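Here the structure is laid out as structure tokens; the discussion comes afterwards.
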Amino acid sequence: LLNINVGGKLFQIACKVLAQYPITRLGKLALYTDPVKKLQLCDDYLVQKNEYFFDRDPSIFHYIFHFYRSGVLWMMDEMCPSNFVEEIEYWGIHLKYSQRCCRILFEEKQDELNEYLKIEKELEAELEPLETGEQFDGKFLGQFRKMVWNLIENPYSSVPAKIIAVMSSFFVLISIVGMTLSTVEEMKNKTGKMWMEQMEMICAIFFTSEYLMRLISSSSFKNFLRAAFNAIDLVAILPFYIQILFETLDEGDMHYHEELHKVENVSKLGKVLKLIKLMRIFRILKLARHSTGLRAFSFTMRQCYQQVCCLLLFIAMGVFTFSALIHSVEHDVPGTGFTSIPCAWWWAAVSLSTVGYGDTVPDTILGRMVAFVCISFGIILNGMPISILYNKFSDYYARLKAHELSQ
């Protein structure tokens, strides 16, 4: 018998049994005759008791011990997959010795753990700032840039930093409200336009100052340009300056400038200016910098892109299928709206989404049966992934919030 002490617990195994598995650690221990090689396989050797000591987990070694006695490696659900794999690799035992059913469940659990650790790492990276205060040490104007960085990027560092974070969200909301009010008919008079322009100028000055402060406090210009939030900040301030540029180019000819305003709805330049003004709506994305919910939503979409793409694929298949069916049964009806399959795409999309505007409806009994099947398919289709997305969003939101509170 071979006396083995694992973490203070004594086990005795016949050398003949161990020799059946010569590539394992205990198999080599039973077969080697050189004492030096044997000592290399264990952590210590007690001469008085003739025991080979191993500083390993004795609870997991029970499964190793059972493997040598029965030839089958057992695995329990309560065991940590990473710890168990580390232990059996130390003893030189392969997972192939386990039963197929146990091995499948164990590998699934191991994949779940790896996915959990991967998401946890990505969640930490989501909250981790691009810069840290230590990166400014020894650099040009390091203390000043570190102070600016704390004001802009670390709202919990001081009271002024919190005020700037609140002001950033406040100016975003003011800008969106101003853009919305500028489309109201009562606000298109001279006084209303003047107030809207002044409000837009104040917001643009604040956003520009915020962007320049981030640029100054960045330790790497390349990383600054690659950051998604900084790109959003740039898109938020560009429309204001592009609009000024367009208006400045036409200042030389005031008569033409006045005519341009009269035909702004149809002129190419007027359409470009409208498109540029519309880009101000992207300023609302700046709220994601200070909103855990928006970050969790963005993270959920990135993690569940396969489910979202699969949902869009099923919707597209449903639109093409049911539009073809409804056209085949309704195209002979006088005054029908289903004159062609492309004309039926809108009806199929609205029915699959269960919105049902009712602008186009089937008139025949067979057409209504197709509509019923289409709506039923839409309910089932929308119900499957929404629960998955919501559960993941709730989980990611809770974990992001926990990470924020732990910092």
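Here, A, B, ... name the chains of the structure tokens in the order displayed, residue numbers run from 1 inside each chain, and ligands are numbered from 1 in the same displayed order.
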Excluding Phe170 of chain A and any residue of its chain fewer than 5 positions from it, enumerate the residues within 10 Å of it, using only C-alpha atoms, and give them as a PyMOL selection string. chain A and resi 164-165+175+203+287
Once you have the residues from the selection above, write them out as a PDB file, in the first residue's frame, restricted to C-alpha atoms.
ATOM      1  CA  ILE A 164     -19.898  70.262 -13.627  1.00  0.00           C
ATOM      2  CA  ALA A 165     -21.450  66.790 -14.093  1.00  0.00           C
ATOM      3  CA  SER A 175     -30.328  72.063 -25.790  1.00  0.00           C
ATOM      4  CA  CYS A 203     -25.025  75.460 -24.897  1.00  0.00           C
ATOM      5  CA  LEU A 287     -26.412  61.676 -20.915  1.00  0.00           C
TER       6      LEU A 287
END
Contacts of Gln12 of chain A at 10 Å or less, counting only C-alpha atoms, minus same-chain residues fewer than 6 places along, as a PyMOL selection string? chain A and resi 1-5+51+65
Go ahead and save the residues from that selection, with all heavy atoms, as a PDB file, in the first residue's frame.
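This is the output file part_13.pdb:
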ATOM      1  N   LEU A   1       0.833  -1.203   0.000  1.00  0.00           N
ATOM      2  CA  LEU A   1       0.000   0.000   0.000  1.00  0.00           C
ATOM      3  C   LEU A   1       0.866   1.250   0.000  1.00  0.00           C
ATOM      4  O   LEU A   1       1.947   1.287   0.595  1.00  0.00           O
ATOM      5  CB  LEU A   1      -0.920   0.008   1.228  1.00  0.00           C
ATOM      6  CG  LEU A   1      -1.967  -1.110   1.312  1.00  0.00           C
ATOM      7  CD1 LEU A   1      -2.724  -1.023   2.620  1.00  0.00           C
ATOM      8  CD2 LEU A   1      -2.926  -1.025   0.132  1.00  0.00           C
ATOM      9  N   LEU A   2       0.337   2.278  -0.620  1.00  0.00           N
ATOM     10  CA  LEU A   2       0.997   3.576  -0.667  1.00  0.00           C
ATOM     11  C   LEU A   2       0.242   4.515   0.269  1.00  0.00           C
ATOM     12  O   LEU A   2      -0.962   4.720   0.110  1.00  0.00           O
ATOM     13  CB  LEU A   2       0.996   4.120  -2.094  1.00  0.00           C
ATOM     14  CG  LEU A   2       1.891   5.323  -2.365  1.00  0.00           C
ATOM     15  CD1 LEU A   2       3.363   4.938  -2.223  1.00  0.00           C
ATOM     16  CD2 LEU A   2       1.634   5.878  -3.752  1.00  0.00           C
ATOM     17  N   ASN A   3       0.953   5.042   1.254  1.00  0.00           N
ATOM     18  CA  ASN A   3       0.347   5.960   2.231  1.00  0.00           C
ATOM     19  C   ASN A   3       0.434   7.385   1.698  1.00  0.00           C
ATOM     20  O   ASN A   3       1.533   7.901   1.465  1.00  0.00           O
ATOM     21  CB  ASN A   3       1.066   5.848   3.580  1.00  0.00           C
ATOM     22  CG  ASN A   3       0.967   4.452   4.169  1.00  0.00           C
ATOM     23  OD1 ASN A   3      -0.085   3.814   4.100  1.00  0.00           O
ATOM     24  ND2 ASN A   3       2.057   3.968   4.746  1.00  0.00           N
ATOM     25  N   ILE A   4      -0.735   8.014   1.540  1.00  0.00           N
ATOM     26  CA  ILE A   4      -0.800   9.359   0.973  1.00  0.00           C
ATOM     27  C   ILE A   4      -1.527  10.267   1.957  1.00  0.00           C
ATOM     28  O   ILE A   4      -2.639   9.973   2.396  1.00  0.00           O
ATOM     29  CB  ILE A   4      -1.545   9.355  -0.376  1.00  0.00           C
ATOM     30  CG1 ILE A   4      -0.833   8.427  -1.361  1.00  0.00           C
ATOM     31  CG2 ILE A   4      -1.642  10.756  -0.955  1.00  0.00           C
ATOM     32  CD1 ILE A   4      -1.597   8.186  -2.622  1.00  0.00           C
ATOM     33  N   ASN A   5      -0.874  11.361   2.308  1.00  0.00           N
ATOM     34  CA  ASN A   5      -1.452  12.358   3.202  1.00  0.00           C
ATOM     35  C   ASN A   5      -1.772  13.608   2.377  1.00  0.00           C
ATOM     36  O   ASN A   5      -0.874  14.291   1.907  1.00  0.00           O
ATOM     37  CB  ASN A   5      -0.469  12.697   4.324  1.00  0.00           C
ATOM     38  CG  ASN A   5      -1.106  13.567   5.406  1.00  0.00           C
ATOM     39  OD1 ASN A   5      -1.950  14.398   5.129  1.00  0.00           O
ATOM     40  ND2 ASN A   5      -0.680  13.353   6.643  1.00  0.00           N
ATOM     41  N   GLU A  51       4.862   8.224   4.722  1.00  0.00           N
ATOM     42  CA  GLU A  51       3.740   8.939   4.098  1.00  0.00           C
ATOM     43  C   GLU A  51       4.261   9.987   3.121  1.00  0.00           C
ATOM     44  O   GLU A  51       5.214  10.721   3.433  1.00  0.00           O
ATOM     45  CB  GLU A  51       2.881   9.640   5.163  1.00  0.00           C
ATOM     46  CG  GLU A  51       2.051   8.709   6.005  1.00  0.00           C
ATOM     47  CD  GLU A  51       1.210   9.469   7.020  1.00  0.00           C
ATOM     48  OE1 GLU A  51       1.211  10.729   6.990  1.00  0.00           O
ATOM     49  OE2 GLU A  51       0.569   8.803   7.862  1.00  0.00           O
ATOM     50  N   PHE A  65      -9.529   9.743  -5.302  1.00  0.00           N
ATOM     51  CA  PHE A  65      -9.385   8.436  -4.636  1.00  0.00           C
ATOM     52  C   PHE A  65     -10.408   7.437  -5.175  1.00  0.00           C
ATOM     53  O   PHE A  65     -10.096   6.267  -5.441  1.00  0.00           O
ATOM     54  CB  PHE A  65      -9.559   8.642  -3.132  1.00  0.00           C
ATOM     55  CG  PHE A  65      -9.380   7.388  -2.322  1.00  0.00           C
ATOM     56  CD1 PHE A  65      -8.140   6.778  -2.201  1.00  0.00           C
ATOM     57  CD2 PHE A  65     -10.469   6.803  -1.665  1.00  0.00           C
ATOM     58  CE1 PHE A  65      -7.981   5.622  -1.459  1.00  0.00           C
ATOM     59  CE2 PHE A  65     -10.315   5.658  -0.921  1.00  0.00           C
ATOM     60  CZ  PHE A  65      -9.068   5.062  -0.807  1.00  0.00           C
TER      61      PHE A  65
END
One decimal, Å: what's the distance from atom CA of Leu352 of chain A over to atom CA of Cys374 of chain A, could you say?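 Result for atom CA of Leu352 of chain A versus atom CA of Cys374 of chain A: 6.1 Å, one decimal.
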With DSSP run on the backbone, what are the strand (DSSP E) residues within segment 40-79 of chain A? I'd like them as a ChimeraX atom specification. /A:44-46,51-54
Residues near Asp332 of chain A, cut-off 12 Å, only C-alpha atoms, skip fewer than 5 positions along chain, as JSON, numbers by chain: {"A": [326, 327, 337, 338, 339, 340, 362, 363, 364, 367]}
Residues of the last selection are to be written out with C-alpha atoms, as a tab-separated table (two decimals), in the first residue's frame.
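again.tsv, freshly written:
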chain	number	residue	atom	x	y	z
A	326	ILE	CA	-52.01	38.36	-48.07
A	327	HIS	CA	-51.33	39.56	-51.62
A	337	GLY	CA	-54.48	48.16	-50.76
A	338	PHE	CA	-52.57	44.93	-51.40
A	339	THR	CA	-51.87	45.64	-55.06
A	340	SER	CA	-48.38	44.12	-54.86
A	362	PRO	CA	-57.98	42.49	-45.45
A	363	ASP	CA	-61.57	42.25	-46.70
A	364	THR	CA	-61.97	38.53	-47.39
A	367	GLY	CA	-57.34	37.29	-45.79
Using Å and a single decimal, report how far atom CA of Ala344 of chain A sits from atom CA of Tyr357 of chain A.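 According to the coordinates, atom CA of Tyr357 of chain A and atom CA of Ala344 of chain A are separated by 13.5 Å.
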